Every structure is written in structure tokens, then in C-alpha cells.
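Enquirer: The following file, work_26.pdb, comprises PDB, C-alpha atoms:
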MODEL        1
ATOM      1  CA  MET U 199      77.084   6.845 -10.697  1.00  0.00           C
ATOM      2  CA  LEU U 200      73.354   6.685 -10.878  1.00  0.00           C
ATOM      3  CA  VAL U 201      73.364   2.950 -10.941  1.00  0.00           C
ATOM      4  CA  SER U 202      75.409   2.774  -7.816  1.00  0.00           C
ATOM      5  CA  ASN U 203      72.673   4.635  -5.889  1.00  0.00           C
ATOM      6  CA  ILE U 204      69.974   2.111  -6.746  1.00  0.00           C
ATOM      7  CA  THR U 205      69.174  -0.447  -4.043  1.00  0.00           C
ATOM      8  CA  PHE U 206      67.096  -3.569  -4.384  1.00  0.00           C
ATOM      9  CA  LYS U 207      65.083  -4.922  -1.462  1.00  0.00           C
ATOM     10  CA  SER U 208      65.296  -8.577  -0.750  1.00  0.00           C
ATOM     11  CA  ASN U 209      62.430 -10.874  -1.657  1.00  0.00           C
ATOM     12  CA  LYS U 210      61.771 -11.310   2.055  1.00  0.00           C
ATOM     13  CA  HIS U 211      61.456  -7.558   2.539  1.00  0.00           C
ATOM     14  CA  ARG U 212      59.156  -7.248  -0.469  1.00  0.00           C
ATOM     15  CA  GLU U 213      56.972 -10.074   0.788  1.00  0.00           C
ATOM     16  CA  GLN U 214      56.671  -8.381   4.165  1.00  0.00           C
ATOM     17  CA  GLU U 215      55.544  -5.117   2.525  1.00  0.00           C
ATOM     18  CA  MET U 216      53.058  -6.984   0.329  1.00  0.00           C
ATOM     19  CA  ALA U 217      51.703  -8.717   3.410  1.00  0.00           C
ATOM     20  CA  ARG U 218      51.277  -5.381   5.182  1.00  0.00           C
ATOM     21  CA  LEU U 219      49.550  -3.962   2.098  1.00  0.00           C
ATOM     22  CA  ARG U 220      47.195  -6.938   1.872  1.00  0.00           C
ATOM     23  CA  GLU U 221      46.379  -6.567   5.592  1.00  0.00           C
ATOM     24  CA  LEU U 222      45.657  -2.856   5.098  1.00  0.00           C
ATOM     25  CA  GLN U 223      43.384  -3.666   2.151  1.00  0.00           C
ATOM     26  CA  ARG U 224      41.671  -6.371   4.215  1.00  0.00           C
ATOM     27  CA  GLN U 225      41.018  -3.920   7.048  1.00  0.00           C
ATOM     28  CA  GLN U 226      39.704  -1.308   4.628  1.00  0.00           C
ATOM     29  CA  GLU U 227      37.349  -3.839   3.057  1.00  0.00           C
ATOM     30  CA  LEU U 228      36.198  -5.003   6.488  1.00  0.00           C
ATOM     31  CA  GLN U 229      35.542  -1.395   7.513  1.00  0.00           C
ATOM     32  CA  ARG U 230      33.603  -0.823   4.283  1.00  0.00           C
ATOM     33  CA  GLN U 231      31.504  -3.940   4.851  1.00  0.00           C
ATOM     34  CA  GLN U 232      30.798  -2.907   8.449  1.00  0.00           C
ATOM     35  CA  GLU U 233      29.683   0.544   7.307  1.00  0.00           C
ATOM     36  CA  LEU U 234      27.394  -1.002   4.674  1.00  0.00           C
ATOM     37  CA  GLU U 235      25.947  -3.321   7.305  1.00  0.00           C
ATOM     38  CA  ARG U 236      25.387  -0.413   9.695  1.00  0.00           C
ATOM     39  CA  LYS U 237      23.534   1.501   6.982  1.00  0.00           C
ATOM     40  CA  ARG U 238      21.493  -1.585   6.080  1.00  0.00           C
ATOM     41  CA  GLN U 239      20.444  -2.100   9.708  1.00  0.00           C
ATOM     42  CA  ALA U 240      19.623   1.594  10.080  1.00  0.00           C
ATOM     43  CA  GLU U 241      17.412   1.433   6.994  1.00  0.00           C
ATOM     44  CA  GLN U 242      15.706  -1.721   8.236  1.00  0.00           C
ATOM     45  CA  LYS U 243      15.017  -0.029  11.562  1.00  0.00           C
ATOM     46  CA  ARG U 244      13.625   3.039   9.803  1.00  0.00           C
ATOM     47  CA  LEU U 245      11.273   0.892   7.760  1.00  0.00           C
ATOM     48  CA  ALA U 246      10.301  -1.133  10.835  1.00  0.00           C
ATOM     49  CA  ASP U 247       9.560   2.061  12.774  1.00  0.00           C
ATOM     50  CA  LYS U 248       7.422   3.350   9.935  1.00  0.00           C
ATOM     51  CA  ALA U 249       5.618   0.011   9.594  1.00  0.00           C
ATOM     52  CA  ALA U 250       4.990  -0.087  13.334  1.00  0.00           C
ATOM     53  CA  LEU U 251       3.607   3.443  13.226  1.00  0.00           C
ATOM     54  CA  ILE U 252       1.251   2.535  10.395  1.00  0.00           C
ATOM     55  CA  GLU U 253       0.239  -0.631  12.243  1.00  0.00           C
ATOM     56  CA  ARG U 254      -0.663   1.349  15.363  1.00  0.00           C
ATOM     57  CA  VAL U 255      -2.646   3.922  13.433  1.00  0.00           C
ATOM     58  CA  ASN U 256      -4.321   1.778  10.818  1.00  0.00           C
ATOM     59  CA  SER U 257      -4.907  -1.736  12.163  1.00  0.00           C
ATOM     60  CA  TYR U 258      -7.378  -3.439  14.459  1.00  0.00           C
ATOM     61  CA  PRO U 259      -6.403  -6.635  16.307  1.00  0.00           C
ATOM     62  CA  ASP U 260      -7.858 -10.115  15.846  1.00  0.00           C
ATOM     63  CA  LEU U 261     -11.347 -10.502  17.292  1.00  0.00           C
ATOM     64  CA  ASP U 262     -10.066 -12.897  19.947  1.00  0.00           C
ATOM     65  CA  ASN U 263      -7.076 -10.760  20.944  1.00  0.00           C
ATOM     66  CA  PRO U 264      -6.173 -11.246  24.636  1.00  0.00           C
ATOM     67  CA  VAL U 265      -6.394  -7.582  25.659  1.00  0.00           C
ATOM     68  CA  SER U 266      -9.962  -7.053  24.418  1.00  0.00           C
ATOM     69  CA  THR U 267     -10.890 -10.401  25.957  1.00  0.00           C
ATOM     70  CA  LYS U 268      -9.582  -9.236  29.336  1.00  0.00           C
ATOM     71  CA  VAL U 269     -11.458  -5.947  28.971  1.00  0.00           C
ATOM     72  CA  ALA U 270     -14.626  -7.915  28.173  1.00  0.00           C
ATOM     73  CA  GLY U 271     -14.128  -9.892  31.382  1.00  0.00           C
ATOM     74  CA  PHE U 272     -13.607  -6.719  33.377  1.00  0.00           C
ATOM     75  CA  LEU U 273     -16.681  -5.004  31.903  1.00  0.00           C
ATOM     76  CA  SER U 274     -18.768  -8.111  32.499  1.00  0.00           C
ATOM     77  CA  GLN U 275     -17.873  -8.276  36.199  1.00  0.00           C
ATOM     78  CA  PHE U 276     -17.999  -4.505  36.581  1.00  0.00           C
ATOM     79  CA  THR U 277     -21.459  -4.270  35.001  1.00  0.00           C
ATOM     80  CA  CYS U 278     -22.808  -7.130  37.083  1.00  0.00           C
ATOM     81  CA  ALA U 279     -21.564  -5.475  40.282  1.00  0.00           C
ATOM     82  CA  ILE U 280     -22.843  -1.995  39.406  1.00  0.00           C
ATOM     83  CA  GLN U 281     -26.256  -3.216  38.249  1.00  0.00           C
ATOM     84  CA  ASN U 282     -26.970  -5.549  41.148  1.00  0.00           C
ATOM     85  CA  ALA U 283     -25.019  -4.481  44.222  1.00  0.00           C
ATOM     86  CA  SER U 284     -24.109  -0.815  44.030  1.00  0.00           C
ATOM     87  CA  GLU U 285     -25.453   2.700  44.487  1.00  0.00           C
ATOM     88  CA  HIS U 286     -23.529   3.762  41.380  1.00  0.00           C
ATOM     89  CA  ASP U 287     -24.844   4.045  37.822  1.00  0.00           C
ATOM     90  CA  LEU U 288     -23.018   2.721  34.763  1.00  0.00           C
ATOM     91  CA  MET U 289     -23.328   6.083  33.041  1.00  0.00           C
ATOM     92  CA  GLU U 290     -21.094   7.611  35.711  1.00  0.00           C
ATOM     93  CA  PHE U 291     -18.296   5.775  33.920  1.00  0.00           C
ATOM     94  CA  PHE U 292     -19.437   5.483  30.301  1.00  0.00           C
ATOM     95  CA  GLY U 293     -21.786   8.424  29.727  1.00  0.00           C
ATOM     96  CA  ASP U 294     -20.747  11.947  28.783  1.00  0.00           C
ATOM     97  CA  GLU U 295     -19.145  14.197  31.389  1.00  0.00           C
ATOM     98  CA  GLU U 296     -22.313  16.180  32.146  1.00  0.00           C
ATOM     99  CA  THR U 297     -24.349  13.028  32.705  1.00  0.00           C
ATOM    100  CA  ALA U 298     -21.654  11.551  34.934  1.00  0.00           C
ATOM    101  CA  LYS U 299     -21.415  14.751  36.971  1.00  0.00           C
ATOM    102  CA  GLU U 300     -25.183  14.863  37.472  1.00  0.00           C
ATOM    103  CA  LEU U 301     -25.319  11.216  38.574  1.00  0.00           C
ATOM    104  CA  ARG U 302     -22.595  11.769  41.178  1.00  0.00           C
ATOM    105  CA  LYS U 303     -24.472  14.541  42.961  1.00  0.00           C
ATOM    106  CA  ASN U 304     -26.350  12.270  45.336  1.00  0.00           C
ATOM    107  CA  LEU U 305     -23.325  10.151  46.259  1.00  0.00           C
ATOM    108  CA  SER U 306     -21.290  10.568  49.434  1.00  0.00           C
ATOM    109  CA  PRO U 307     -18.032  12.545  49.029  1.00  0.00           C
ATOM    110  CA  GLU U 308     -16.044   9.317  49.311  1.00  0.00           C
ATOM    111  CA  CYS U 309     -18.126   7.572  46.644  1.00  0.00           C
ATOM    112  CA  GLN U 310     -17.880  10.646  44.395  1.00  0.00           C
ATOM    113  CA  ALA U 311     -14.086  10.521  44.633  1.00  0.00           C
ATOM    114  CA  ASP U 312     -14.119   6.792  43.825  1.00  0.00           C
ATOM    115  CA  SER U 313     -16.434   7.397  40.885  1.00  0.00           C
ATOM    116  CA  ILE U 314     -14.241  10.135  39.416  1.00  0.00           C
ATOM    117  CA  GLY U 315     -11.057   8.098  39.808  1.00  0.00           C
ATOM    118  CA  LEU U 316     -12.534   4.957  38.311  1.00  0.00           C
ATOM    119  CA  ARG U 317     -14.107   6.853  35.412  1.00  0.00           C
ATOM    120  CA  LYS U 318     -10.712   8.358  34.591  1.00  0.00           C
ATOM    121  CA  GLU U 319      -9.148   4.900  34.369  1.00  0.00           C
ATOM    122  CA  VAL U 320     -12.037   3.364  32.416  1.00  0.00           C
ATOM    123  CA  GLN U 321     -11.956   6.158  29.851  1.00  0.00           C
ATOM    124  CA  LYS U 322      -8.330   5.312  29.006  1.00  0.00           C
ATOM    125  CA  LEU U 323      -9.316   1.940  27.540  1.00  0.00           C
ATOM    126  CA  GLN U 324      -9.156   1.671  23.756  1.00  0.00           C
ATOM    127  CA  GLU U 325     -12.358  -0.383  23.937  1.00  0.00           C
ATOM    128  CA  VAL U 326     -14.054   2.691  25.406  1.00  0.00           C
ATOM    129  CA  LYS U 327     -12.516   5.208  22.992  1.00  0.00           C
ATOM    130  CA  ASP U 328     -12.980   3.445  19.648  1.00  0.00           C
ATOM    131  CA  PRO U 329     -16.348   2.120  18.365  1.00  0.00           C
ATOM    132  CA  VAL U 330     -14.839  -0.846  16.519  1.00  0.00           C
ATOM    133  CA  MET U 331     -12.753  -1.815  19.542  1.00  0.00           C
ATOM    134  CA  ALA U 332     -15.930  -1.580  21.633  1.00  0.00           C
ATOM    135  CA  LEU U 333     -17.654  -4.021  19.269  1.00  0.00           C
ATOM    136  CA  ILE U 334     -14.654  -6.369  19.356  1.00  0.00           C
ATOM    137  CA  CYS U 335     -14.962  -6.312  23.149  1.00  0.00           C
ATOM    138  CA  ALA U 336     -18.731  -6.859  22.963  1.00  0.00           C
ATOM    139  CA  ASN U 337     -18.182  -9.893  20.754  1.00  0.00           C
ATOM    140  CA  ARG U 338     -16.089 -11.467  23.544  1.00  0.00           C
ATOM    141  CA  MET U 339     -18.716 -10.858  26.242  1.00  0.00           C
ATOM    142  CA  GLN U 340     -20.318 -14.259  25.703  1.00  0.00           C
ATOM    143  CA  LYS U 341     -17.168 -15.849  27.135  1.00  0.00           C
ATOM    144  CA  PHE U 342     -18.012 -14.255  30.491  1.00  0.00           C
ATOM    145  CA  ALA U 343     -21.743 -14.867  30.728  1.00  0.00           C
ATOM    146  CA  PRO U 344     -22.665 -15.848  34.327  1.00  0.00           C
ATOM    147  CA  LYS U 345     -23.369 -19.532  34.670  1.00  0.00           C
ATOM    148  CA  GLU U 346     -27.010 -20.516  34.877  1.00  0.00           C
ATOM    149  CA  GLY U 347     -28.393 -20.310  38.395  1.00  0.00           C
ATOM    150  CA  ILE U 348     -25.876 -17.779  39.719  1.00  0.00           C
ATOM    151  CA  LEU U 349     -28.157 -14.799  39.062  1.00  0.00           C
ATOM    152  CA  THR U 350     -31.881 -14.526  39.515  1.00  0.00           C
ATOM    153  CA  ASN U 351     -33.944 -13.822  36.406  1.00  0.00           C
ATOM    154  CA  GLU U 352     -34.199 -10.202  37.473  1.00  0.00           C
ATOM    155  CA  GLN U 353     -30.459  -9.902  38.063  1.00  0.00           C
ATOM    156  CA  GLN U 354     -29.721 -11.601  34.745  1.00  0.00           C
ATOM    157  CA  ALA U 355     -31.976  -9.186  32.883  1.00  0.00           C
ATOM    158  CA  SER U 356     -30.344  -6.233  34.673  1.00  0.00           C
ATOM    159  CA  PHE U 357     -26.891  -7.543  33.765  1.00  0.00           C
ATOM    160  CA  VAL U 358     -27.740  -8.013  30.066  1.00  0.00           C
ATOM    161  CA  ASN U 359     -29.379  -4.591  29.852  1.00  0.00           C
ATOM    162  CA  GLY U 360     -26.368  -3.028  31.535  1.00  0.00           C
ATOM    163  CA  ILE U 361     -23.949  -4.584  29.038  1.00  0.00           C
ATOM    164  CA  LYS U 362     -26.093  -3.522  26.093  1.00  0.00           C
ATOM    165  CA  SER U 363     -26.441  -0.002  27.458  1.00  0.00           C
ATOM    166  CA  THR U 364     -22.683   0.288  27.999  1.00  0.00           C
ATOM    167  CA  ILE U 365     -21.777  -0.888  24.487  1.00  0.00           C
ATOM    168  CA  SER U 366     -24.485   1.269  22.937  1.00  0.00           C
ATOM    169  CA  THR U 367     -23.331   4.365  24.831  1.00  0.00           C
ATOM    170  CA  ILE U 368     -19.672   3.833  23.892  1.00  0.00           C
ATOM    171  CA  VAL U 369     -20.329   3.201  20.201  1.00  0.00           C
ATOM    172  CA  ARG U 370     -22.989   5.847  19.596  1.00  0.00           C
ATOM    173  CA  GLY U 371     -21.009   8.450  21.507  1.00  0.00           C
ATOM    174  CA  ALA U 372     -17.759   7.743  19.650  1.00  0.00           C
ATOM    175  CA  ASP U 373     -15.992   9.949  17.108  1.00  0.00           C
ATOM    176  CA  PHE U 374     -16.914   8.665  13.626  1.00  0.00           C
ATOM    177  CA  SER U 375     -15.074  11.371  11.697  1.00  0.00           C
ATOM    178  CA  ARG U 376     -12.349   9.069  10.368  1.00  0.00           C
ATOM    179  CA  PHE U 377     -14.750   6.414   9.081  1.00  0.00           C
ATOM    180  CA  GLU U 378     -16.225   6.351   5.606  1.00  0.00           C
ATOM    181  CA  ASP U 379     -20.026   6.444   5.372  1.00  0.00           C
ATOM    182  CA  ALA U 380     -20.290   2.751   4.447  1.00  0.00           C
ATOM    183  CA  ASP U 381     -18.171   1.705   7.428  1.00  0.00           C
ATOM    184  CA  LYS U 382     -20.069   4.030   9.735  1.00  0.00           C
ATOM    185  CA  TYR U 383     -23.323   2.407   8.567  1.00  0.00           C
ATOM    186  CA  THR U 384     -21.920  -1.063   9.297  1.00  0.00           C
ATOM    187  CA  ILE U 385     -20.825  -0.029  12.799  1.00  0.00           C
ATOM    188  CA  LEU U 386     -24.259   1.368  13.598  1.00  0.00           C
ATOM    189  CA  THR U 387     -25.924  -1.746  12.182  1.00  0.00           C
ATOM    190  CA  LEU U 388     -23.794  -3.915  14.472  1.00  0.00           C
ATOM    191  CA  VAL U 389     -24.543  -1.852  17.559  1.00  0.00           C
ATOM    192  CA  GLN U 390     -28.243  -2.070  16.694  1.00  0.00           C
ATOM    193  CA  LYS U 391     -27.921  -5.858  16.791  1.00  0.00           C
ATOM    194  CA  VAL U 392     -26.354  -5.541  20.233  1.00  0.00           C
ATOM    195  CA  GLU U 393     -29.205  -3.332  21.419  1.00  0.00           C
ATOM    196  CA  ASP U 394     -31.843  -5.723  20.052  1.00  0.00           C
ATOM    197  CA  SER U 395     -30.319  -8.857  21.566  1.00  0.00           C
ATOM    198  CA  ASP U 396     -31.947 -10.612  24.535  1.00  0.00           C
ATOM    199  CA  SER U 397     -28.609 -12.010  25.733  1.00  0.00           C
ATOM    200  CA  ILE U 398     -24.919 -11.137  25.517  1.00  0.00           C
ATOM    201  CA  ARG U 399     -24.476 -13.563  22.640  1.00  0.00           C
ATOM    202  CA  PHE U 400     -24.867 -10.777  20.132  1.00  0.00           C
ATOM    203  CA  GLY U 401     -24.304 -12.719  16.914  1.00  0.00           C
ATOM    204  CA  ILE U 402     -22.114 -10.020  15.341  1.00  0.00           C
ATOM    205  CA  GLU U 403     -18.892 -11.957  14.798  1.00  0.00           C
ATOM    206  CA  LYS U 404     -19.173 -12.664  11.064  1.00  0.00           C
ATOM    207  CA  GLU U 405     -20.073  -9.083  10.099  1.00  0.00           C
ATOM    208  CA  LEU U 406     -17.580  -7.639  12.575  1.00  0.00           C
ATOM    209  CA  LYS U 407     -14.758  -9.784  11.146  1.00  0.00           C
ATOM    210  CA  ALA U 408     -15.603  -8.552   7.634  1.00  0.00           C
ATOM    211  CA  LEU U 409     -15.553  -4.940   8.863  1.00  0.00           C
ATOM    212  CA  VAL U 410     -12.217  -5.321  10.666  1.00  0.00           C
ATOM    213  CA  ASP U 411     -10.642  -7.008   7.630  1.00  0.00           C
ATOM    214  CA  LYS U 412     -11.943  -4.235   5.399  1.00  0.00           C
ATOM    215  CA  LEU U 413     -10.636  -1.469   7.651  1.00  0.00           C
ATOM    216  CA  ASN U 414      -7.251  -3.159   8.001  1.00  0.00           C
ATOM    217  CA  SER U 415      -6.943  -3.595   4.250  1.00  0.00           C
ATOM    218  CA  LYS U 416      -7.043   0.150   3.678  1.00  0.00           C
ATOM    219  CA  LYS U 417      -3.421   1.164   3.444  1.00  0.00           C
ATOM    220  CA  LEU U 418      -2.231   4.413   4.918  1.00  0.00           C
ATOM    221  CA  ASN U 419      -0.230   6.224   2.248  1.00  0.00           C
ATOM    222  CA  LEU U 420       2.254   8.380   4.118  1.00  0.00           C
ATOM    223  CA  GLY U 421       4.482   8.927   1.095  1.00  0.00           C
ATOM    224  CA  PHE U 422       8.213   9.478   1.615  1.00  0.00           C
ATOM    225  CA  VAL U 423       9.164  10.378   5.157  1.00  0.00           C
ATOM    226  CA  PRO U 424      12.795  11.266   5.911  1.00  0.00           C
ATOM    227  CA  PRO U 425      14.247   8.781   8.433  1.00  0.00           C
ATOM    228  CA  VAL U 426      14.922  11.475  11.034  1.00  0.00           C
ATOM    229  CA  GLN U 427      11.248  12.497  10.970  1.00  0.00           C
ATOM    230  CA  VAL U 428       9.670   9.053  11.302  1.00  0.00           C
ATOM    231  CA  ARG U 429       9.480   9.192  15.087  1.00  0.00           C
ATOM    232  CA  ASN U 430       8.126  12.745  15.043  1.00  0.00           C
ATOM    233  CA  LEU U 431       5.186  12.235  12.692  1.00  0.00           C
ATOM    234  CA  ASP U 432       2.148  14.265  13.644  1.00  0.00           C
ATOM    235  CA  MET U 433      -0.502  11.719  14.625  1.00  0.00           C
ATOM    236  CA  ASN U 434      -3.251  14.235  13.885  1.00  0.00           C
ATOM    237  CA  GLN U 435      -2.019  14.591  10.323  1.00  0.00           C
ATOM    238  CA  ILE U 436      -1.935  10.817   9.975  1.00  0.00           C
ATOM    239  CA  ALA U 437      -5.493  10.596  11.268  1.00  0.00           C
ATOM    240  CA  LYS U 438      -6.575  13.103   8.591  1.00  0.00           C
ATOM    241  CA  LYS U 439      -5.004  10.926   5.909  1.00  0.00           C
ATOM    242  CA  LEU U 440      -7.044   7.975   7.170  1.00  0.00           C
ATOM    243  CA  LYS U 441     -10.242   9.759   6.151  1.00  0.00           C
ATOM    244  CA  LYS U 442      -9.229   9.695   2.486  1.00  0.00           C
TER     245      LYS U 442
ENDMDL
END
Represent the structure of the file as C-alpha cells.

Expert:
Amino acid sequence: MLVSNITFKSNKHREQEMARLRELQRQQELQRQQELERKRQAEQKRLADKAALIERVNSYPDLDNPVSTKVAGFLSQFTCAIQNASEHDLMEFFGDEETAKELRKNLSPECQADSIGLRKEVQKLQEVKDPVMALICANRMQKFAPKEGILTNEQQASFVNGIKSTISTIVRGADFSRFEDADKYTILTLVQKVEDSDSIRFGIEKELKALVDKLNSKKLNLGFVPPVQVRNLDMNQIAKKLKK
């Protein structure tokens, strides 16, 4: 009786079931591989985000980087115009707030408004906020020296003095708290060379390159940072780590 209840599927039926099973296994394996790939890409992105963050915080660009070169061109033209054909003073834009405010007192209301607006934009430049970036910019100034004969001797001297005064003011007024004493000394030595120069060919490139390479070689040790927190890192805390 028991034997009579047993049924045997045909080979064709069995093959169809095996085919369905193999397809199910194939789909499961494909899903597993896709999930592994998704996790791999997510991890790569996390590491890239962290690397990019470290790069922004801890690295200076090449000395001939295009942005600093453009800023050097702007400052060259700006300085020439202010020094030789303007009622404004360079320190309205690069000096401390009190100095700038005092210098604006004798300007017309319209010129005061222009001065305030332009100072606000100038102060956003990295080359105005960071002493090393200011020196990188200064090193590119020679590219924008006025051609001989364009300026009178007096105008040329005023232009050179204006550039030197601007770079000196930016660097000496910068925040040095995140630099080690040896690096601070090098920065001040380089700005002294700028101040002592009789042209805008400051001759600081070799020493500046060594300084930038040294600063960039110092790795920022953030330790383990959970992936979800990478984008929310406190930049102030990172800056404190840079002092170590």
C-alpha cells in the first residue's frame, strides 16, 4: 500500500526543478556580489572623503598653482592702481580693521562704501588669510612685473614698495598658532627677504619650496573616524591636532 502512494517525477520534470534551483542560486550569488560591491564602493568613498578632508586641512598647493598665480596678477594690478592713480590706501584692504576704518574717514561716502565692499572680498582670499599662501603668491609676482618703460622710476618704486608692504602686512599679521617654532622662523625669514628686496623678484622660491614640502609631509593623524562622522568633523579640532 505504501509503495503504491510513491510517485516518481520524470527526468524532464527533475531537470526543470534543477534549472530553477540553479537560477535561484545564481540570483542569490549575484545579489551577494552586488551587496559586496556596494559596500566596497561605500568604503572607498569614505576613505576618499577622509583623504580629501586631510588634503584640504594639511596641504599647500604647488608654488606655480593657477589660483595663486591669478591672485598674484590681481594684487599686482590692484597695487599698481592704488599706489599710482587712487585716493585709496592699500592698508584699507590689507591692514587691520581699526587701521582700515581710520583711513576711510576722509573718503567720500561712495568711496567708503566701495572700500568696505572691496575689503570684504579681498579678505576672503586664502592668500590673504594664510602666511604661507601669501608667500606662494608673492613668489609669483615676478610674472606680472610691469614691462620696462611703462612706469616712471617713481611709479615703479611706489609699485614695488606697495607689493612689499602688502605681503609684509599679510604675513606678519597672520595667525601663527598652528605652526611650529622652526616653521614660524622660516616664514618670518622669507618675509624679511621680501621686505629687503629692491624689486618683486624676491628670490624666495628655493626656501619656500622646502618649507611647503616640509609642511605637506607632516601627516595629520585623525585616528579612526566612523564613516557617518567623516563629513561632520570639527575643523577646529583638526586644526588643534595640526599643532602637534

Enquirer: Written as a ChimeraX atom specification, which residues does the PyMOL selection byres ((chain U and resi 269-283) around 7) give for the file shown?

Expert: /U:265-268,284,286-288,335-336,338-339,342,353,356-357,360-361

Enquirer: Atom CA of U:Glu403 and atom CA of U:Pro259, how far apart in Å?

Expert: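 Computing it gives 13.7 Å between the two atoms.
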
Enquirer: Taking all atoms listed in the file into account, name the residue in U:Val320, U:Ala311, U:Leu228, U:Leu305 that is nearest to U:Phe291.

Expert: U:Val320

Enquirer: Take the PyMOL selection byres ((chain U and resi 373-386) around 10), run it mentally on this structure, and tell me the resulting residues as a ChimeraX atom specification.

Expert: /U:327-330,333,366,368-372,387-392,405-406,408-410,412-413,437-442

Enquirer: Could you check how far atom CA of U:Cys309 sits from atom CA of U:Ala332, in Å to one decimal?

Expert: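 Pair atom CA of U:Cys309 / atom CA of U:Ala332 returns 26.7 Å.
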
Enquirer: Which stretch 317-371 of chain U residues have any atom within 12 Å of an atom of stretch 295-302 of chain U, and for each, what is the nearest pair of atoms with distance in Å to one decimal, counting all atoms listed in the file, rows sorted by chain and number, as a Markdown table?

Expert:
| residue | atom | partner | partner_atom | distance |
| --- | --- | --- | --- | --- |
| U:Arg317 | CA | U:Ala298 | CA | 8.9 |
| U:Lys318 | CA | U:Glu295 | CA | 10.7 |
| U:Gln321 | CA | U:Glu295 | CA | 10.9 |
| U:Thr367 | CA | U:Thr297 | CA | 11.8 |
| U:Gly371 | CA | U:Glu295 | CA | 11.6 |

Enquirer: Write the selection just made, keeping C-alpha atoms, as an mmCIF file, in the coordinates of the input?

Expert:
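Everything below was put into part.cif:
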data_model
loop_
_atom_site.group_PDB
_atom_site.id
_atom_site.type_symbol
_atom_site.label_atom_id
_atom_site.label_comp_id
_atom_site.auth_asym_id
_atom_site.auth_seq_id
_atom_site.Cartn_x
_atom_site.Cartn_y
_atom_site.Cartn_z
ATOM 1 C CA ARG U 317 -14.107 6.853 35.412
ATOM 2 C CA LYS U 318 -10.712 8.358 34.591
ATOM 3 C CA GLN U 321 -11.956 6.158 29.851
ATOM 4 C CA THR U 367 -23.331 4.365 24.831
ATOM 5 C CA GLY U 371 -21.009 8.450 21.507
#

Enquirer: Quick one: pull the distance between atom CA of U:Glu393 and atom CA of U:Ser363, Å, one decimal.

Expert: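 Between atom CA of U:Glu393 and atom CA of U:Ser363 the gap works out to 7.4 Å.
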
Enquirer: Using only C-alpha atoms, which residue out of U:Met289, U:Ala240, U:Val326, U:Leu261 lies closest to U:Lys404?

Expert: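 The shortest atom-to-atom distance to U:Lys404 comes from U:Leu261.
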
Enquirer: Step by step, work through what the PyMOL selection byres ((chain U and resi 398) around 9) selects in the shown file, and finish by giving those residues as JSON, numbers by chain.

Expert: {"U": [336, 337, 339, 340, 343, 358, 361, 362, 392, 395, 396, 397, 399, 400, 401]}

Enquirer: Kindly provide, as lines of an AutoDock Vina configuration file, the centre and edge lengths (Å, one decimal) of an axis-aligned box around all atoms of stretch 333-341 of chain U given in the file, with 4 Å on each side.

Expert:
center_x = -17.5
center_y = -9.9
center_z = 23.2
size_x = 13.7
size_y = 19.8
size_z = 15.9
